[in-house]
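To start, the structure itself, in structure tokens.
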Amino acid sequence: MAKNNRAVSYDSIDRDLISLLRTDGRASISTLAKALKVSRGTVQNRLDRLLATGAIIGFTIRASASIDDGAIRAIMLIEITGKSTADIIRKLRGLPELQKVHTTNGSWDLVAEIQASSLADFDNVLREVRLIDGIANSETSILLSTI
């Protein structure tokens with residue numbers, strides 16, 4: 001959905017461009033153009049449009065797991081009461097330890113990915129989330145290893 005609330009359609013070039021950027025967000029326009037078999041101008045125009053419409057909301061890095069070896073990682077399932085979902089999501093986004101927040105179906109309303117530098121920080125994040133008005137219940141599982 002575009003920032004101006006008009007529906008925008010994305011074609012295979014847009015999707016392929018996003019896919020390439022997910023793999024390497026620092027890829028040059030020339031490299032992207034070559035991979036997509038289009039001109040540099042086409043890539044630049046597509047990229048500008050994807051940014052303007054909100055299809056791409058930013059660029060980030062993916063750090064090696066070894067960088068965060070000591071980090072506590074977890075998944076938190078969250079149940080919301082009432083119609084306060086938007087307000088709760090806004091508050092959750094304000095917690096830097098919550099890497100991502102997803103809406104979902106089923107028994108739980110939200111799934112949050114947590115990363116904290118220590119057990120004390122992790123405990124503090126759990127406490128902060130559970131104190132947010134409108135959160136009825138939560139269940140958290142620490143991620144032990146990635147296979």
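In the structure tokens, chains take the letters A, B, ... in the order shown, each chain's residues start at 1, and ligands count up from 1 in the order shown.
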Got a sec: who's within 12 Å of Gly106 in chain A, counting only C-alpha atoms, leaving out chain neighbours fewer than 2 positions off, as a list in words? Leu77, Ile78, Glu79, Thr103, Thr104, Trp108, Asp109, Leu110 and Val111 of chain A
Save the residues we just selected, C-alpha atoms, as a PDB file, in the first residue's frame?
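Wrote again18.pdb, looks like this:
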```pdb
ATOM      1  CA  LEU A  77       3.703 -14.775  21.981  1.00  0.00           C
ATOM      2  CA  ILE A  78       1.361 -11.983  23.049  1.00  0.00           C
ATOM      3  CA  GLU A  79      -2.402 -11.945  23.641  1.00  0.00           C
ATOM      4  CA  THR A 103       0.716  -9.976  13.742  1.00  0.00           C
ATOM      5  CA  THR A 104      -0.590 -13.519  13.557  1.00  0.00           C
ATOM      6  CA  TRP A 108      -1.959 -15.302  20.022  1.00  0.00           C
ATOM      7  CA  ASP A 109      -2.313 -11.842  18.493  1.00  0.00           C
ATOM      8  CA  LEU A 110       1.357 -10.868  18.155  1.00  0.00           C
ATOM      9  CA  VAL A 111       4.728 -12.598  17.959  1.00  0.00           C
TER      10      VAL A 111
END
```
To test your reading of the structure, identify every residue in range 41-95 of chain A that backbone DSSP assigns to strand (DSSP E or B), and report it as a PyMOL selection string. chain A and resi 72-80
Dump as a PDB file, in the first residue's frame, selection limited to C-alpha atoms:
```
ATOM      1  CA  ILE A  72      19.730 -13.875  24.736  1.00  0.00           C
ATOM      2  CA  ARG A  73      17.294 -14.466  21.882  1.00  0.00           C
ATOM      3  CA  ALA A  74      13.649 -15.405  22.333  1.00  0.00           C
ATOM      4  CA  ILE A  75      10.207 -15.500  20.785  1.00  0.00           C
ATOM      5  CA  MET A  76       7.346 -13.977  22.758  1.00  0.00           C
ATOM      6  CA  LEU A  77       3.703 -14.775  21.981  1.00  0.00           C
ATOM      7  CA  ILE A  78       1.361 -11.983  23.049  1.00  0.00           C
ATOM      8  CA  GLU A  79      -2.402 -11.945  23.641  1.00  0.00           C
ATOM      9  CA  ILE A  80      -4.182  -8.589  23.452  1.00  0.00           C
TER      10      ILE A  80
END
```
Of the candidates A:Arg40, A:Arg93, A:Lys34, A:Arg46, which one gets nearest to Asp11 in chain A if we count only C-alpha atoms?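 Checking each candidate against Asp11 in chain A, we get A:Arg46 as the closest.
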Helix (DSSP H, G or I) per DSSP on the backbone: members of chain A, as JSON, numbers by chain: {"A": [12, 13, 14, 15, 16, 17, 18, 19, 20, 21, 22, 23, 29, 30, 31, 32, 33, 34, 35, 36, 40, 41, 42, 43, 44, 45, 46, 47, 48, 49, 50, 51, 52, 85, 86, 87, 88, 89, 90, 91, 92, 93, 119, 120, 121, 122, 123, 124, 125, 126, 127, 128, 129, 130]}
Rank A:Arg15, A:Tyr10, A:Ser84, A:Phe122 by their smallest atom-to-atom distance to Ile135 in chain A, using only C-alpha atoms, and report the top residue only.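 Under the stated criterion, the closest residue is A:Ser84.
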Could you pull the residues within 9 Å of Ile132 in chain A, counting only C-alpha atoms, minus those fewer than 5 positions along the same chain, as a list in words? Ile88, Lys91 and Leu92 of chain A
